[in-house]
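work-v4.cif follows; it contains mmCIF, C-alpha atoms and all ligand atoms.
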```cif
data_run
loop_
_atom_site.label_atom_id
_atom_site.label_comp_id
_atom_site.auth_asym_id
_atom_site.auth_seq_id
_atom_site.Cartn_x
_atom_site.Cartn_y
_atom_site.Cartn_z
CA MET B 1 -12.81 1.63 21.49
CA LYS B 2 -10.26 4.22 20.39
CA LYS B 3 -9.54 4.51 16.72
CA LEU B 4 -6.07 3.74 15.31
CA VAL B 5 -5.29 4.56 11.69
CA VAL B 6 -2.30 2.90 10.04
CA LEU B 7 -0.86 4.20 6.76
CA SER B 8 1.26 1.43 5.29
CA GLY B 9 3.70 1.41 2.39
CA ALA B 10 6.00 -1.00 0.60
CA GLY B 11 8.33 -1.34 3.64
CA MET B 12 5.51 -3.10 5.47
CA SER B 13 5.81 -6.05 3.05
CA ALA B 14 9.61 -5.93 2.67
CA GLU B 15 10.11 -8.58 5.36
CA SER B 16 7.75 -10.83 3.40
CA GLY B 17 10.25 -10.67 0.53
CA LEU B 18 8.41 -8.13 -1.65
CA ARG B 19 10.58 -5.38 -3.09
CA THR B 20 10.10 -1.72 -2.23
CA PHE B 21 10.31 0.98 -4.94
CA ARG B 22 12.78 3.72 -4.11
CA GLU B 23 15.46 2.04 -2.02
CA MET B 24 18.69 0.54 -3.27
CA GLY B 25 17.65 -2.66 -5.04
CA GLY B 26 14.09 -1.31 -5.27
CA LEU B 27 11.83 -1.83 -8.28
CA TRP B 28 12.48 1.63 -9.75
CA GLU B 29 16.17 0.83 -9.97
CA GLU B 30 15.41 -2.01 -12.39
CA TYR B 31 12.38 -0.56 -14.20
CA ASP B 32 11.55 2.88 -15.54
CA VAL B 33 8.54 3.89 -13.48
CA TYR B 34 6.82 5.63 -16.39
CA GLU B 35 7.30 2.59 -18.66
CA VAL B 36 5.53 0.20 -16.27
CA ALA B 37 3.33 2.35 -14.01
CA SER B 38 1.73 5.08 -16.10
CA PRO B 39 -1.07 5.22 -18.69
CA GLY B 40 1.54 6.24 -21.30
CA GLY B 41 3.58 3.12 -20.54
CA TRP B 42 0.47 0.95 -20.97
CA GLN B 43 -0.24 2.54 -24.35
CA LYS B 44 3.35 2.12 -25.47
CA ASP B 45 4.02 -1.48 -24.41
CA ARG B 46 1.21 -3.49 -22.84
CA GLU B 47 3.24 -6.71 -22.86
CA LEU B 48 5.94 -5.11 -20.68
CA VAL B 49 3.40 -3.75 -18.19
CA LEU B 50 1.52 -7.07 -17.99
CA ARG B 51 4.82 -8.92 -17.49
CA PHE B 52 5.91 -6.50 -14.72
CA TYR B 53 2.69 -7.08 -12.77
CA ASN B 54 2.57 -10.82 -13.56
CA GLU B 55 6.02 -11.28 -12.03
CA ARG B 56 5.04 -9.33 -8.92
CA ARG B 57 1.75 -11.25 -8.64
CA LYS B 58 3.66 -14.53 -8.87
CA GLN B 59 6.01 -13.42 -6.07
CA LEU B 60 3.07 -12.32 -3.95
CA LEU B 61 1.44 -15.75 -4.21
CA GLU B 62 4.63 -17.23 -2.76
CA ALA B 63 4.88 -14.63 0.03
CA GLU B 64 3.39 -14.73 3.53
CA PRO B 65 2.38 -11.95 5.94
CA ASN B 66 5.22 -11.03 8.31
CA ALA B 67 5.39 -10.21 12.03
CA GLY B 68 4.47 -6.57 11.26
CA HIS B 69 1.21 -7.53 9.51
CA LEU B 70 0.38 -9.94 12.34
CA GLY B 71 1.16 -7.28 14.96
CA LEU B 72 -1.43 -4.99 13.39
CA VAL B 73 -4.05 -7.74 13.63
CA GLU B 74 -3.25 -8.15 17.33
CA LEU B 75 -3.62 -4.40 17.85
CA GLU B 76 -7.35 -4.91 17.13
CA LYS B 77 -7.57 -6.15 20.75
CA PHE B 78 -6.86 -2.59 21.88
CA PHE B 79 -8.13 -0.36 19.08
CA GLU B 80 -10.56 -0.10 16.24
CA VAL B 81 -7.78 -0.42 13.66
CA TRP B 82 -8.14 1.01 10.17
CA ILE B 83 -5.44 0.09 7.66
CA VAL B 84 -4.97 2.60 4.85
CA THR B 85 -2.52 0.94 2.51
CA GLN B 86 -0.67 2.07 -0.58
CA ASN B 87 0.29 -1.56 -1.13
CA ILE B 88 -1.40 -3.51 -3.87
CA ASP B 89 -0.61 -6.84 -2.20
CA ASP B 90 -3.13 -8.71 -0.03
CA LEU B 91 -0.89 -9.42 2.94
CA HIS B 92 -2.96 -7.31 5.38
CA GLU B 93 -6.03 -9.33 4.31
CA ARG B 94 -4.24 -12.65 4.60
CA ALA B 95 -2.86 -11.69 8.04
CA GLY B 96 -6.47 -11.13 9.17
CA SER B 97 -6.87 -7.33 9.51
CA SER B 98 -10.57 -6.40 9.50
CA ARG B 99 -10.72 -2.89 8.02
CA ILE B 100 -8.51 -2.26 4.98
CA LEU B 101 -8.62 0.57 2.46
CA HIS B 102 -6.55 0.17 -0.70
CA LEU B 103 -5.49 3.55 -2.09
CA HIS B 104 -3.48 2.25 -5.06
CA GLY B 105 -5.59 -0.76 -6.04
CA GLU B 106 -5.09 -4.50 -5.77
CA ILE B 107 -2.72 -6.58 -7.88
CA ARG B 108 -4.83 -9.74 -7.67
CA LYS B 109 -7.66 -7.96 -9.50
CA ALA B 110 -8.09 -6.87 -13.13
CA ARG B 111 -10.37 -4.23 -14.57
CA SER B 112 -11.84 -3.43 -17.93
CA THR B 113 -10.11 -0.75 -20.01
CA ALA B 114 -13.53 0.20 -21.42
CA ASP B 115 -15.58 0.25 -18.21
CA PRO B 116 -13.63 0.77 -14.95
CA SER B 117 -16.60 -0.47 -12.91
CA LEU B 118 -15.94 -3.99 -14.24
CA VAL B 119 -13.42 -5.49 -11.82
CA TYR B 120 -12.51 -9.19 -11.68
CA ASP B 121 -10.45 -11.46 -9.43
CA ILE B 122 -7.43 -12.91 -11.24
CA GLU B 123 -7.13 -16.68 -10.91
CA GLY B 124 -3.46 -17.57 -10.45
CA TRP B 125 -0.78 -15.04 -11.41
CA LYS B 126 -1.17 -14.35 -15.14
CA LEU B 127 -3.06 -11.54 -16.81
CA GLU B 128 -2.39 -11.59 -20.53
CA GLU B 129 -2.94 -9.78 -23.79
CA GLY B 130 -6.30 -11.08 -25.04
CA ASP B 131 -7.87 -11.45 -21.58
CA LEU B 132 -11.11 -9.54 -22.06
CA CYS B 133 -13.93 -8.13 -19.95
CA GLU B 134 -17.55 -9.12 -20.60
CA LYS B 135 -17.82 -6.17 -23.02
CA GLY B 136 -14.91 -7.47 -25.08
CA SER B 137 -12.21 -4.98 -23.98
CA GLN B 138 -8.70 -5.79 -22.78
CA LEU B 139 -8.25 -6.20 -19.02
CA ARG B 140 -5.53 -4.25 -17.21
CA PRO B 141 -4.12 -4.54 -13.68
CA HIS B 142 -6.49 -2.98 -11.11
CA VAL B 143 -3.84 -0.56 -9.80
CA VAL B 144 -3.37 3.22 -9.75
CA TRP B 145 -0.61 4.50 -11.99
CA PHE B 146 1.08 7.91 -11.91
CA GLY B 147 -1.22 10.59 -13.28
CA GLU B 148 -4.34 8.54 -12.51
CA THR B 149 -6.76 9.51 -9.79
CA LEU B 150 -7.12 7.37 -6.70
CA PRO B 151 -10.39 5.47 -6.13
CA GLU B 152 -12.83 7.98 -4.67
CA ALA B 153 -14.42 6.04 -1.79
CA PRO B 154 -11.27 4.72 -0.07
CA LEU B 155 -9.50 8.08 -0.53
CA ALA B 156 -12.43 10.01 1.00
CA ALA B 157 -12.60 7.54 3.90
CA ALA B 158 -8.82 7.77 4.42
CA LEU B 159 -8.92 11.58 4.50
CA ASP B 160 -11.74 11.53 7.04
CA LEU B 161 -10.08 8.87 9.20
CA SER B 162 -6.77 10.75 9.20
CA GLU B 163 -8.43 13.77 10.78
CA ASN B 164 -10.74 11.81 13.05
CA CYS B 165 -8.81 9.15 14.92
CA ASP B 166 -7.03 8.82 18.27
CA LEU B 167 -3.66 7.56 17.07
CA PHE B 168 -1.97 7.56 13.64
CA LEU B 169 0.79 5.14 12.65
CA VAL B 170 2.86 5.60 9.48
CA ILE B 171 4.73 2.42 8.52
CA GLY B 172 7.21 1.67 5.75
CA THR B 173 6.54 4.46 3.30
CA SER B 174 9.01 6.99 1.90
CA SER B 175 6.12 9.51 1.95
CA MET B 176 7.01 10.77 -1.50
CA VAL B 177 3.86 9.89 -3.42
CA GLN B 178 0.82 12.13 -3.22
CA PRO B 179 -1.90 12.24 -2.04
CA ALA B 180 -1.09 9.42 0.43
CA ALA B 181 2.00 11.30 1.66
CA SER B 182 -0.22 14.11 2.96
CA LEU B 183 -2.31 11.92 5.28
CA PRO B 184 0.12 12.04 8.25
CA ARG B 185 0.25 15.83 7.86
CA TYR B 186 -3.56 16.00 8.09
CA ALA B 187 -3.41 13.88 11.25
CA LEU B 188 -0.72 16.10 12.78
CA ARG B 189 -2.64 19.24 11.87
CA SER B 190 -5.63 17.74 13.70
CA LYS B 191 -3.37 17.25 16.76
CA ILE B 192 -3.50 13.47 16.49
CA PHE B 193 -0.55 11.70 18.07
CA THR B 194 1.44 10.33 15.15
CA ILE B 195 4.12 7.62 15.23
CA GLU B 196 6.34 6.69 12.31
CA VAL B 197 8.07 3.30 11.95
CA ASN B 198 10.79 3.19 9.30
CA PRO B 199 14.44 2.13 9.35
CA GLU B 200 15.29 5.24 7.28
CA PRO B 201 14.19 8.77 8.18
CA THR B 202 11.65 10.46 5.88
CA GLN B 203 10.13 13.93 5.71
CA ILE B 204 7.61 12.72 8.34
CA SER B 205 10.24 11.60 10.89
CA GLU B 206 11.02 15.12 12.04
CA ILE B 207 7.43 16.23 12.46
CA ALA B 208 5.97 12.99 13.90
CA ASN B 209 5.38 12.91 17.65
CA GLU B 210 7.49 9.77 17.79
CA TYR B 211 9.86 8.24 15.27
CA ILE B 212 10.78 4.58 15.75
CA GLN B 213 13.82 3.88 13.59
CA SER B 214 13.24 0.19 12.98
CA ASN B 215 11.86 -2.45 10.66
CA SER B 216 8.12 -2.95 11.12
CA GLY B 217 8.54 -6.70 11.76
CA ILE B 218 10.57 -5.81 14.86
CA ALA B 219 8.84 -2.62 16.01
CA LEU B 220 5.22 -3.80 15.88
CA PRO B 221 5.55 -6.94 18.02
CA LYS B 222 7.45 -4.77 20.57
CA LEU B 223 4.72 -2.12 20.53
CA LEU B 224 2.19 -4.87 21.09
CA GLU B 225 4.07 -6.27 24.08
CA GLU B 226 4.13 -2.79 25.61
CA MET B 227 0.38 -2.48 25.17
CA LYS B 228 -0.34 -5.93 26.61
CA LYS B 229 0.98 -4.61 29.93
CA TYR B 230 -2.09 -2.39 30.05
CA LEU B 231 -4.63 -5.11 29.19
C1 LIG N 301 10.74 -0.35 5.72
C2 LIG N 301 11.25 -1.65 5.78
C3 LIG N 301 10.82 -2.45 6.84
C4 LIG N 301 12.07 -0.68 4.03
N1 LIG N 301 9.96 -1.96 7.73
N2 LIG N 301 9.90 0.10 6.62
C5 LIG N 301 1.46 16.98 -5.64
C6 LIG N 301 2.76 17.40 -5.83
C7 LIG N 301 3.61 16.75 -6.73
C8 LIG N 301 3.15 15.70 -7.50
C9 LIG N 301 1.86 15.27 -7.31
C10 LIG N 301 1.03 15.92 -6.42
N3 LIG N 301 -0.17 15.29 -6.44
C11 LIG N 301 -0.10 14.27 -7.33
C12 LIG N 301 1.13 14.25 -7.89
C13 LIG N 301 1.61 13.30 -8.91
C14 LIG N 301 1.97 11.93 -8.37
C15 LIG N 301 3.05 12.03 -7.31
O1 LIG N 301 2.85 11.93 -6.13
N4 LIG N 301 4.29 12.21 -7.73
C16 LIG N 301 5.42 12.28 -6.80
C17 LIG N 301 6.38 11.14 -7.08
C18 LIG N 301 6.05 13.62 -6.95
N5 LIG N 301 0.80 11.25 -7.81
C19 LIG N 301 -0.08 10.65 -8.62
O2 LIG N 301 0.03 10.66 -9.83
C20 LIG N 301 -1.25 9.95 -7.95
N6 LIG N 301 -2.45 10.40 -8.55
C21 LIG N 301 -3.02 11.57 -8.25
O3 LIG N 301 -2.64 12.26 -7.34
O4 LIG N 301 -4.09 11.91 -9.08
C22 LIG N 301 -4.47 13.29 -9.14
C23 LIG N 301 -3.38 14.07 -9.85
C24 LIG N 301 -2.73 13.54 -10.95
C25 LIG N 301 -1.70 14.25 -11.59
C26 LIG N 301 -1.33 15.50 -11.10
C27 LIG N 301 -1.98 16.02 -9.98
C28 LIG N 301 -3.01 15.30 -9.36
C29 LIG N 301 -1.17 8.45 -8.21
C30 LIG N 301 -0.05 7.79 -7.50
C31 LIG N 301 0.03 6.31 -7.90
C32 LIG N 301 1.21 5.59 -7.31
N7 LIG N 301 1.41 4.36 -7.97
C33 LIG N 301 2.47 3.47 -7.56
C34 LIG N 301 2.58 2.28 -8.56
C35 LIG N 301 1.27 1.54 -8.74
C36 LIG N 301 1.09 0.43 -7.77
C37 LIG N 301 2.20 -0.61 -7.81
O5 LIG N 301 2.70 -0.95 -8.91
O6 LIG N 301 2.56 -1.14 -6.75
O7 LIG N 301 2.24 3.05 -6.21
S1 LIG N 301 4.06 4.29 -7.47
C38 LIG N 301 4.63 3.41 -6.04
O8 LIG N 301 4.87 4.39 -5.01
C39 LIG N 301 3.44 2.54 -5.59
C40 LIG N 301 3.47 2.79 -4.10
O9 LIG N 301 2.22 2.48 -3.51
C41 LIG N 301 3.88 4.23 -3.99
C42 LIG N 301 4.44 4.63 -2.64
O10 LIG N 301 5.66 3.98 -2.40
P1 LIG N 301 6.06 3.58 -0.92
O11 LIG N 301 5.11 2.57 -0.40
O12 LIG N 301 6.28 4.77 -0.11
O13 LIG N 301 7.42 2.77 -1.20
P2 LIG N 301 8.95 3.34 -1.24
O14 LIG N 301 9.76 2.30 -1.91
O15 LIG N 301 9.01 4.69 -1.76
O16 LIG N 301 9.36 3.41 0.30
C43 LIG N 301 9.52 2.24 1.09
C44 LIG N 301 9.89 2.68 2.49
O17 LIG N 301 9.92 1.50 3.32
C45 LIG N 301 11.26 3.34 2.63
O18 LIG N 301 11.12 4.57 3.33
C46 LIG N 301 12.08 2.33 3.45
O19 LIG N 301 13.01 2.95 4.32
C47 LIG N 301 11.01 1.62 4.22
N8 LIG N 301 11.34 0.24 4.64
N9 LIG N 301 12.14 -1.82 4.73
C48 LIG N 301 9.55 -0.69 7.61
N10 LIG N 301 11.32 -3.73 6.97
#
```

Rewrite the structure of this file - the entire thing - as structure tokens.
Ligand code: BJW
Amino acid sequence: MKKLVVLSGAGMSAESGLRTFREMGGLWEEYDVYEVASPGGWQKDRELVLRFYNERRKQLLEAEPNAGHLGLVELEKFFEVWIVTQNIDDLHERAGSSRILHLHGEIRKARSTADPSLVYDIEGWKLEEGDLCEKGSQLRPHVVWFGETLPEAPLAAALDLSENCDLFLVIGTSSMVQPAASLPRYALRSKIFTIEVNPEPTQISEIANEYIQSNSGIALPKLLEEMKKYL
């Protein structure tokens, strides 16, 4: 089976009701990114950071995968699909995708501030001051903040997949955050046919082989219908 790599961003989950970051009405309009998504912010005000992620976790528990997520599951009939996601939600998992790499962590998990190898599932939506790991240290959200390095294994796999696949899809990301933003460029440099789906043009739109100016919940089911003709 041919290999399809999908790089997804916040726009992928927008039609499930989860807010993106950099658009009008996005999260960074309401919150200062460095206050809630950086190690400095965590040191300065842990309560604020925990509250920011608790609210988002609560919203996620009420959200459902959308037609875009489900379309990617269906694409597994045609391709070996690898999802490389910047999203910390679990909507790709809940939709039923088989191969998912999280570059920026997972909001439904917590990890020890003393030993990053200690990672725990969060029951419900609250992670609070005083929630401790087995070594007695405070737990923090298992996500990647600005200035922190991405988890090694998924990043290495994503880099390799981006240069060694048959088709590359970029969906719902502004392509402004590194190193994820470079993955489509690696694919293009390796002469891999690259398609971008996004209602707003990005720096990738001009260089992609095809740019579909649309919401993912509309574009992906359409793409699937096209492919079914060749089943
Ligand atoms: C739809 C839609 C619909 C809407 N359908 N689409 C090289 C140069 C310059 C700087 C750097 C560099 N290398 C590293 C850096 C520093 C930094 C960085 O990139 N800064 C830039 C902002 C300049 N990167 C880092 O710090 C990373 N770490 C790292 O590289 O470590 C090594 C290192 C450190 C320091 C220096 C050098 C090297 C870590 C990045 C961590 C990102 N963390 C966040 C928050 C944590 C997780 C969370 O809370 O959720 O991750 S930031 C936020 O942005 C979040 C996202 O995953 C990420 C990407 O956002 P995304 O998904 O693109 O969302 P938006 O909102 O930007 O775009 C949404 C898009 O959807 C839009 O285009 C819409 O049009 C579209 N859309 N509806 C389809 N229905």

> What lies within 10 Å of B:Leu75 using all atoms listed in the file, ignoring chain neighbours under 3 positions off, as a ChimeraX atom specification?
Replying inline: /B:4,70-72,78-81,97,220-221,223-224,227-228

Selected residues written out, C-alpha atoms, as a compact mmCIF listing (two decimals), in the frame of the given file:
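Full text of part.txt as output:
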```
# COMPACT_ATOMS: atom_id res chain seq x y z
CA LEU B 4 -6.07 3.74 15.31
CA LEU B 70 0.38 -9.94 12.34
CA GLY B 71 1.16 -7.28 14.96
CA LEU B 72 -1.43 -4.99 13.39
CA PHE B 78 -6.86 -2.59 21.88
CA PHE B 79 -8.13 -0.36 19.08
CA GLU B 80 -10.56 -0.10 16.24
CA VAL B 81 -7.78 -0.42 13.66
CA SER B 97 -6.87 -7.33 9.51
CA LEU B 220 5.22 -3.80 15.88
CA PRO B 221 5.55 -6.94 18.02
CA LEU B 223 4.72 -2.12 20.53
CA LEU B 224 2.19 -4.87 21.09
CA MET B 227 0.38 -2.48 25.17
CA LYS B 228 -0.34 -5.93 26.61
```

>> Using all atoms listed in the file, which residues have at least one atom no more than 6 Å from ligand LIG 301 (chain N)? Output them as an MDAnalysis selection string.
In response: chainID B and resid 9:12 14:15 20:23 37 86:88 104 143:150 171:179 198:200 215:216

>> I want to know what sits within 12 Å of B:Arg19, based on all atoms listed in the file, with residues of the same chain fewer than 6 positions away left out; could you give that as JSON, numbers by chain?
In response: {"B": [9, 10, 11, 12, 13, 25, 26, 27, 28, 29, 30, 55, 56, 57, 59, 60, 63, 87, 89, 172]}

Could you write out the selected residues, including C-alpha atoms, as a compact mmCIF listing (two decimals), in the coordinates of the input?
```
# COMPACT_ATOMS: atom_id res chain seq x y z
CA GLY B 9 3.70 1.41 2.39
CA ALA B 10 6.00 -1.00 0.60
CA GLY B 11 8.33 -1.34 3.64
CA MET B 12 5.51 -3.10 5.47
CA SER B 13 5.81 -6.05 3.05
CA GLY B 25 17.65 -2.66 -5.04
CA GLY B 26 14.09 -1.31 -5.27
CA LEU B 27 11.83 -1.83 -8.28
CA TRP B 28 12.48 1.63 -9.75
CA GLU B 29 16.17 0.83 -9.97
CA GLU B 30 15.41 -2.01 -12.39
CA GLU B 55 6.02 -11.28 -12.03
CA ARG B 56 5.04 -9.33 -8.92
CA ARG B 57 1.75 -11.25 -8.64
CA GLN B 59 6.01 -13.42 -6.07
CA LEU B 60 3.07 -12.32 -3.95
CA ALA B 63 4.88 -14.63 0.03
CA ASN B 87 0.29 -1.56 -1.13
CA ASP B 89 -0.61 -6.84 -2.20
CA GLY B 172 7.21 1.67 5.75
```

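The spacing separating atom CA of B:Ala181 from atom CA of B:Asn209 amounts to 16.4 Å.
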
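The interatomic distance for the pair atom CA of B:Ser162 and atom CA of B:Glu225 works out to 25.1 Å.
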
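Take the candidates B:Cys165, B:Ile192, B:Leu101, B:Ala187 and check each one against B:Glu152 using only C-alpha atoms; the shortest distance goes to B:Leu101.
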
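Contact shell of B:Arg108 at 9 Å (all atoms listed in the file; same-chain neighbours under 6 positions omitted): Arg57, Ile88, Asp89, Asp90, Tyr120, Asp121, Ile122, Glu123, Gly124, Trp125, Pro141 and His142 of chain B.
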
>> So that I can see what lies close to B:Pro201, please list as a ChimeraX atom specification the residues with an atom at most 9 Å from it, counting all atoms listed in the file and leaving out residues fewer than 5 positions away in the same chain.
In response: /B:174,206,211,213

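Note that the spacing between atom CA of B:Leu169 and atom CA of B:Tyr53 amounts to 28.3 Å.
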
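The residue that comes closest to B:Lys77, out of B:Gly130, B:Phe193, B:Ser98, B:Pro151 and on the basis of all atoms listed in the file, is B:Ser98.
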
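Around B:Lys191, within 10 Å and counting only C-alpha atoms, the residues found are Glu163, Asn164, Cys165, Asp166, Leu167, Arg185, Tyr186 and Asn209 of chain B, once anything fewer than 5 positions away on its own chain is removed.
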
> Which of these residues is nearest to B:Glu62, using only C-alpha atoms: B:Val119, B:Ala156, B:Ile212, B:Ser16?
Replying inline: B:Ser16

Edge lengths and centre in Å, axis-aligned, stretch 203-209 of chain B plus 8 Å each side, as AutoDock Vina command-line options:
```
--center_x 8.2 --center_y 13.9 --center_z 11.7 --size_x 21.6 --size_y 20.6 --size_z 27.9
```

>> Restricting the calculation to all atoms listed in the file: of B:Ser182, B:Lys135, B:Ile204, B:His69, which residue gets closest to B:Ile83?
In response: B:His69

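When all atoms listed in the file are used to measure the gap to B:Glu93, the shortest distance among B:Ala110, B:Leu18, B:Ile218, B:Val73 belongs to B:Val73.
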
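Distances here use only C-alpha atoms; by that measure, the residue among B:Trp42, B:Phe52, B:Tyr31, B:Trp82 closest to B:Pro154 is B:Trp82.
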
> Counting all atoms listed in the file, which residues come within 10 Å of (-2.9, -6.8, -24.3), with the point read in the file's coordinates, and could you list them as an MDAnalysis selection string?
Replying inline: chainID B and resid 42:43 45:50 127:132 137:140
